[in-house]
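Beneath this line is the structure, given in structure tokens, with notes to follow.
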Amino acid sequence: MNIGFFTDTYLPQINGVAISIDSFRRELERRGHSVYVFAPRVPGHKEKDSRVMRFRSLSLGPFFSGKGSMMANRLVMPFSVHNYFKLHDIKLDIIHSHTEMGMGTLAIFAAKRLNVPHVHTYHTLYPEYVHYLGKGKIISKKGAEKLSALYCNRCQTVIAPSQKIKELLWKYGVKKQIEVLETGIDLPLYSVAKKDTFRKKYGIDEKTKILLCVGRQGKEKGMDVILWAHAAANIEKCLLVFVGDGPERPNLERMAKDLGIDKKVLFTGLLPYQEVVQAYAAADLFVFASVTETQGIVLLEAAASGLPIIAVNDSVVSQYVHPGQNGVLVKDAKEMAKEIIKFFENPWEAAKMEKVSRQIAASYSIQNQTEKLLEIYRQTLVK
């Protein structure tokens, strides 16, 4: 099968969507399918893969993402005569879009022009991000909901990364078939990672406990809650590690200083994916406070690494955090601080939680999830 992925973010950019796309692509190709990726050009990156077609793009800069060009979200210009000719030559069997913006518009055009079925994954909860556009004055939450529904209703099949998103899409007005499919992960990658590699790189001794938070540092991610909880817990020889970047990072760094814990917080910035896996392996506890996730893949990665998880309660989060088994769900920073203290006062709980976390993650292997994706393709092709 010839499959076309249309996306506004792809490697070497590192974020949940890019990693999801690459994971599915590798597993699909391992099974003998051909996956062609239509993605933005990224400064400093020379494309060597003939199945990746790059389009001109502009950086949206630190306003949306972070400091580095590899991190920054990009506005893609879906115009390329050369790539249009390639579209016809490839003879795609199915088009799978991963964005409603730049390359998403090309996906709609290509599906109609080539008469190819169109599957779409709704990765981003746009109504929760309108504050980045003129502080919510350019487009309202209701407007973002209507635009989301408008795009999805132009596709044959819509994929939601969680039941929560499926139900929200119904509320937005999506009438097309919606299938729930979470991103799968490469389980062996997490089970073989060494615990001391990350610690050695950053000079963290083995007696220091590590609280880990991985993700884009945006206002909607609630990372200020984690900082406050870390300060309130006040665990001796405990380091809070933020892996990632984003527009909120300067504010988080100032907040750490104001709370008097800047020496107990490490901001690594954006890391290559392999080093992120090493960070999971080095950590003692994963902390999470976002309630705007479509899936929360970092929770699944933490579970695959055998980490206990303390997270603010949300229906997406509860898929991967089972209270009393592999972690705790809390309602605010105060409760999170209390649970962090409890965890380090009862270290024997960690061993039990590690086993359960890995068991939860096992059902979301990339092999299992890719088989489900292929079934969605098959059903869409016969509609």
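Ordering of the structure tokens sets the chain letters (A, B, ...); residue numbers start at 1 within each chain; ligands are numbered from 1 in the order shown.
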
DSSP on the backbone: which residues in region 109-274 of chain A end up as strand (DSSP E)? Give the answer as a PyMOL selection string.
chain A and resi 118-121+157-160+177-180+209-214+238-243+265-269

Hey, what's within 8 Å of region 283-297 of chain A if we count only C-alpha atoms and toss same-chain stuff fewer than 2 positions away? As JSON, numbers by chain, please?
{"A": [16, 123, 124, 125, 128, 160, 161, 162, 164, 165, 182, 183, 195, 209, 210, 211, 212, 213, 220, 221, 222, 223, 225, 226, 279, 280, 281, 299, 300, 301, 302, 307, 308, 309, 310, 311, 312, 313, 314, 316, 317]}

Residues just named, written with C-alpha atoms as an mmCIF file, in the first residue's frame:
data_model
loop_
_atom_site.group_PDB
_atom_site.id
_atom_site.type_symbol
_atom_site.label_atom_id
_atom_site.label_comp_id
_atom_site.auth_asym_id
_atom_site.auth_seq_id
_atom_site.Cartn_x
_atom_site.Cartn_y
_atom_site.Cartn_z
ATOM 1 C CA GLY A 16 4.571 14.293 20.188
ATOM 2 C CA HIS A 123 -3.669 15.612 17.206
ATOM 3 C CA THR A 124 -4.120 19.066 18.751
ATOM 4 C CA LEU A 125 -6.911 20.433 20.933
ATOM 5 C CA GLU A 128 -7.106 25.319 24.216
ATOM 6 C CA ALA A 160 -9.016 10.610 17.716
ATOM 7 C CA PRO A 161 -6.020 9.815 19.975
ATOM 8 C CA SER A 162 -8.358 9.206 22.939
ATOM 9 C CA LYS A 164 -12.017 12.202 25.355
ATOM 10 C CA ILE A 165 -11.155 13.746 21.980
ATOM 11 C CA GLU A 182 -3.535 5.983 20.519
ATOM 12 C CA THR A 183 0.052 6.332 19.332
ATOM 13 C CA LYS A 195 19.859 4.537 34.345
ATOM 14 C CA LYS A 209 16.139 11.826 43.566
ATOM 15 C CA ILE A 210 14.826 12.969 40.169
ATOM 16 C CA LEU A 211 11.331 14.255 39.524
ATOM 17 C CA LEU A 212 10.864 14.288 35.766
ATOM 18 C CA CYS A 213 8.542 16.308 33.555
ATOM 19 C CA GLU A 220 -1.651 25.346 28.950
ATOM 20 C CA LYS A 221 0.660 22.539 30.182
ATOM 21 C CA GLY A 222 0.399 23.529 33.860
ATOM 22 C CA MET A 223 4.109 23.252 34.628
ATOM 23 C CA VAL A 225 1.772 23.598 39.235
ATOM 24 C CA ILE A 226 4.699 21.165 39.221
ATOM 25 C CA ALA A 279 16.058 10.846 31.115
ATOM 26 C CA TYR A 280 13.105 8.544 31.781
ATOM 27 C CA ALA A 281 15.486 5.758 32.766
ATOM 28 C CA LEU A 299 2.617 9.447 30.182
ATOM 29 C CA LEU A 300 2.799 6.316 28.073
ATOM 30 C CA GLU A 301 6.555 6.762 27.673
ATOM 31 C CA ALA A 302 6.927 7.163 31.435
ATOM 32 C CA LEU A 307 8.051 5.054 36.324
ATOM 33 C CA PRO A 308 5.434 5.749 38.987
ATOM 34 C CA ILE A 309 3.345 8.772 37.948
ATOM 35 C CA ILE A 310 1.749 11.611 39.889
ATOM 36 C CA ALA A 311 -0.568 13.593 37.641
ATOM 37 C CA VAL A 312 -3.421 16.076 37.742
ATOM 38 C CA ASN A 313 -6.627 14.161 37.072
ATOM 39 C CA ASP A 314 -8.070 14.128 33.549
ATOM 40 C CA VAL A 316 -6.813 11.141 29.139
ATOM 41 C CA VAL A 317 -4.414 10.835 32.068
#

Determine, counting only C-alpha atoms, which protein, DNA and RNA residues have an atom within 12 Å of an atom of Ser57 (chain A); residues of the same chain fewer than 2 positions away are not included. Present the result as an MDAnalysis selection string.
chainID A and resid 7:9 39:43 54:55 59:61 69 72:80 102:103

Enumerate the residues of region 313-380 of chain A with a DSSP assignment of alpha helix (DSSP H), computed from the backbone, and present them as a PyMOL selection string.
chain A and resi 333-345+348-362+366-380

Residues from last step as file, C-alpha atoms, as a PDB file, in the first residue's frame:
ATOM      1  CA  ALA A 333      -0.420  21.504  43.385  1.00  0.00           C
ATOM      2  CA  LYS A 334      -1.108  21.086  47.100  1.00  0.00           C
ATOM      3  CA  GLU A 335      -2.211  17.477  46.659  1.00  0.00           C
ATOM      4  CA  MET A 336       0.697  16.812  44.300  1.00  0.00           C
ATOM      5  CA  ALA A 337       3.178  18.033  46.938  1.00  0.00           C
ATOM      6  CA  LYS A 338       1.636  15.727  49.546  1.00  0.00           C
ATOM      7  CA  GLU A 339       1.838  12.728  47.216  1.00  0.00           C
ATOM      8  CA  ILE A 340       5.473  13.457  46.308  1.00  0.00           C
ATOM      9  CA  ILE A 341       6.324  13.427  50.025  1.00  0.00           C
ATOM     10  CA  LYS A 342       4.420  10.160  50.534  1.00  0.00           C
ATOM     11  CA  PHE A 343       6.182   8.537  47.621  1.00  0.00           C
ATOM     12  CA  PHE A 344       9.667   9.246  48.926  1.00  0.00           C
ATOM     13  CA  GLU A 345       8.677   8.226  52.453  1.00  0.00           C
ATOM     14  CA  TRP A 348       9.083   0.129  48.526  1.00  0.00           C
ATOM     15  CA  GLU A 349       5.984   1.273  46.592  1.00  0.00           C
ATOM     16  CA  ALA A 350       8.161   2.116  43.581  1.00  0.00           C
ATOM     17  CA  ALA A 351       9.032  -1.511  42.795  1.00  0.00           C
ATOM     18  CA  LYS A 352       5.362  -2.541  42.730  1.00  0.00           C
ATOM     19  CA  MET A 353       4.395   0.449  40.586  1.00  0.00           C
ATOM     20  CA  GLU A 354       7.196  -0.187  38.083  1.00  0.00           C
ATOM     21  CA  LYS A 355       5.747  -3.563  37.159  1.00  0.00           C
ATOM     22  CA  VAL A 356       2.214  -2.209  36.699  1.00  0.00           C
ATOM     23  CA  SER A 357       3.408   0.761  34.640  1.00  0.00           C
ATOM     24  CA  ARG A 358       5.192  -1.549  32.213  1.00  0.00           C
ATOM     25  CA  GLN A 359       2.113  -3.789  31.988  1.00  0.00           C
ATOM     26  CA  ILE A 360      -0.094  -0.789  31.118  1.00  0.00           C
ATOM     27  CA  ALA A 361       2.349   0.370  28.449  1.00  0.00           C
ATOM     28  CA  ALA A 362       2.613  -3.126  26.918  1.00  0.00           C
ATOM     29  CA  ILE A 366       3.668   0.225  18.133  1.00  0.00           C
ATOM     30  CA  GLN A 367       3.016  -3.216  16.628  1.00  0.00           C
ATOM     31  CA  ASN A 368      -0.475  -3.421  18.169  1.00  0.00           C
ATOM     32  CA  GLN A 369      -1.388   0.137  17.274  1.00  0.00           C
ATOM     33  CA  THR A 370      -0.134  -0.151  13.690  1.00  0.00           C
ATOM     34  CA  GLU A 371      -2.321  -3.201  13.131  1.00  0.00           C
ATOM     35  CA  LYS A 372      -5.288  -1.124  14.303  1.00  0.00           C
ATOM     36  CA  LEU A 373      -4.273   1.703  11.962  1.00  0.00           C
ATOM     37  CA  LEU A 374      -4.133  -0.682   9.011  1.00  0.00           C
ATOM     38  CA  GLU A 375      -7.634  -1.902   9.832  1.00  0.00           C
ATOM     39  CA  ILE A 376      -8.854   1.719   9.792  1.00  0.00           C
ATOM     40  CA  TYR A 377      -7.244   2.109   6.361  1.00  0.00           C
ATOM     41  CA  ARG A 378      -8.907  -1.072   5.097  1.00  0.00           C
ATOM     42  CA  GLN A 379     -12.333   0.040   6.296  1.00  0.00           C
ATOM     43  CA  THR A 380     -11.863   3.471   4.734  1.00  0.00           C
TER      44      THR A 380
END

Between CA of Asp224 (chain A) and CA of Ala256 (chain A), what is the distance, to one decimal in Å?
9.0 Å

What is the CA of Gln274 (chain A) to CA of Leu28 (chain A) distance in Å?
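For CA of Gln274 (chain A) relative to CA of Leu28 (chain A), the distance reads 21.1 Å.
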
Taking only C-alpha atoms into account, which of A:His230, A:Lys171, A:Leu329, A:Tyr202 comes nearest Glu145 (chain A)?
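Smallest distance to Glu145 (chain A) is found for A:Lys171.
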
Skip His33 (chain A) itself and residues of its chain fewer than 5 positions away, then list as a list in words all residues within 8 Å of it, counting only C-alpha atoms.
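Once the nearby chain positions are removed, what remains is Met1, Asn2, Ile3 and Leu28 of chain A.
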
Write the residues of the preceding selection, restricted to C-alpha atoms, as a CSV table (one decimal), in the first residue's frame.
chain,number,residue,atom,x,y,z
A,1,MET,CA,0.0,0.0,0.0
A,2,ASN,CA,1.3,3.5,-0.8
A,3,ILE,CA,0.4,5.8,2.1
A,28,LEU,CA,4.3,0.4,8.4

With only C-alpha atoms as the atoms that count, which of A:Leu259, A:Gly244, A:Ala282, A:Thr268 lies nearest to Lys207 (chain A)?
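The closest residue to Lys207 (chain A) is A:Ala282.
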
Minimum-distance residue to Gly4 (chain A), chosen among A:Ala304, A:Val277, A:Ile90, A:Val174 (using only C-alpha atoms)
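Smallest separation from Gly4 (chain A) among the options: A:Ile90.
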
Give me, as a short mmCIF file (atom, residue, chain, number, x, y, z; two decimals) with C-alpha atoms, in the first residue's frame, all polymer residues having an atom no more than 8 Å from Asp186 (chain A), counting only C-alpha atoms and skipping those fewer than 3 positions away in the same chain.
data_model
loop_
_atom_site.label_atom_id
_atom_site.label_comp_id
_atom_site.auth_asym_id
_atom_site.auth_seq_id
_atom_site.Cartn_x
_atom_site.Cartn_y
_atom_site.Cartn_z
CA SER A 23 6.81 5.57 14.85
CA LEU A 189 13.72 1.16 23.51
CA TYR A 190 12.62 1.98 27.06
CA SER A 365 3.05 -1.28 21.56
CA ILE A 366 3.67 0.22 18.13
#

Pick from A:Val328, A:Gln217, A:Glu29, A:Leu227 nearest to Pro247 (chain A), counting only C-alpha atoms
A:Gln217

Between CA of Asn234 (chain A) and CA of Ile261 (chain A), measure the distance and give it in Å to one decimal.
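Separation of CA of Asn234 (chain A) and CA of Ile261 (chain A): 8.9 Å.
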
In terms of the shortest atom-to-atom distance over only C-alpha atoms, which of A:Lys91, A:Lys237, A:Arg25, A:Lys175 is closest to Ile204 (chain A)?
A:Lys237
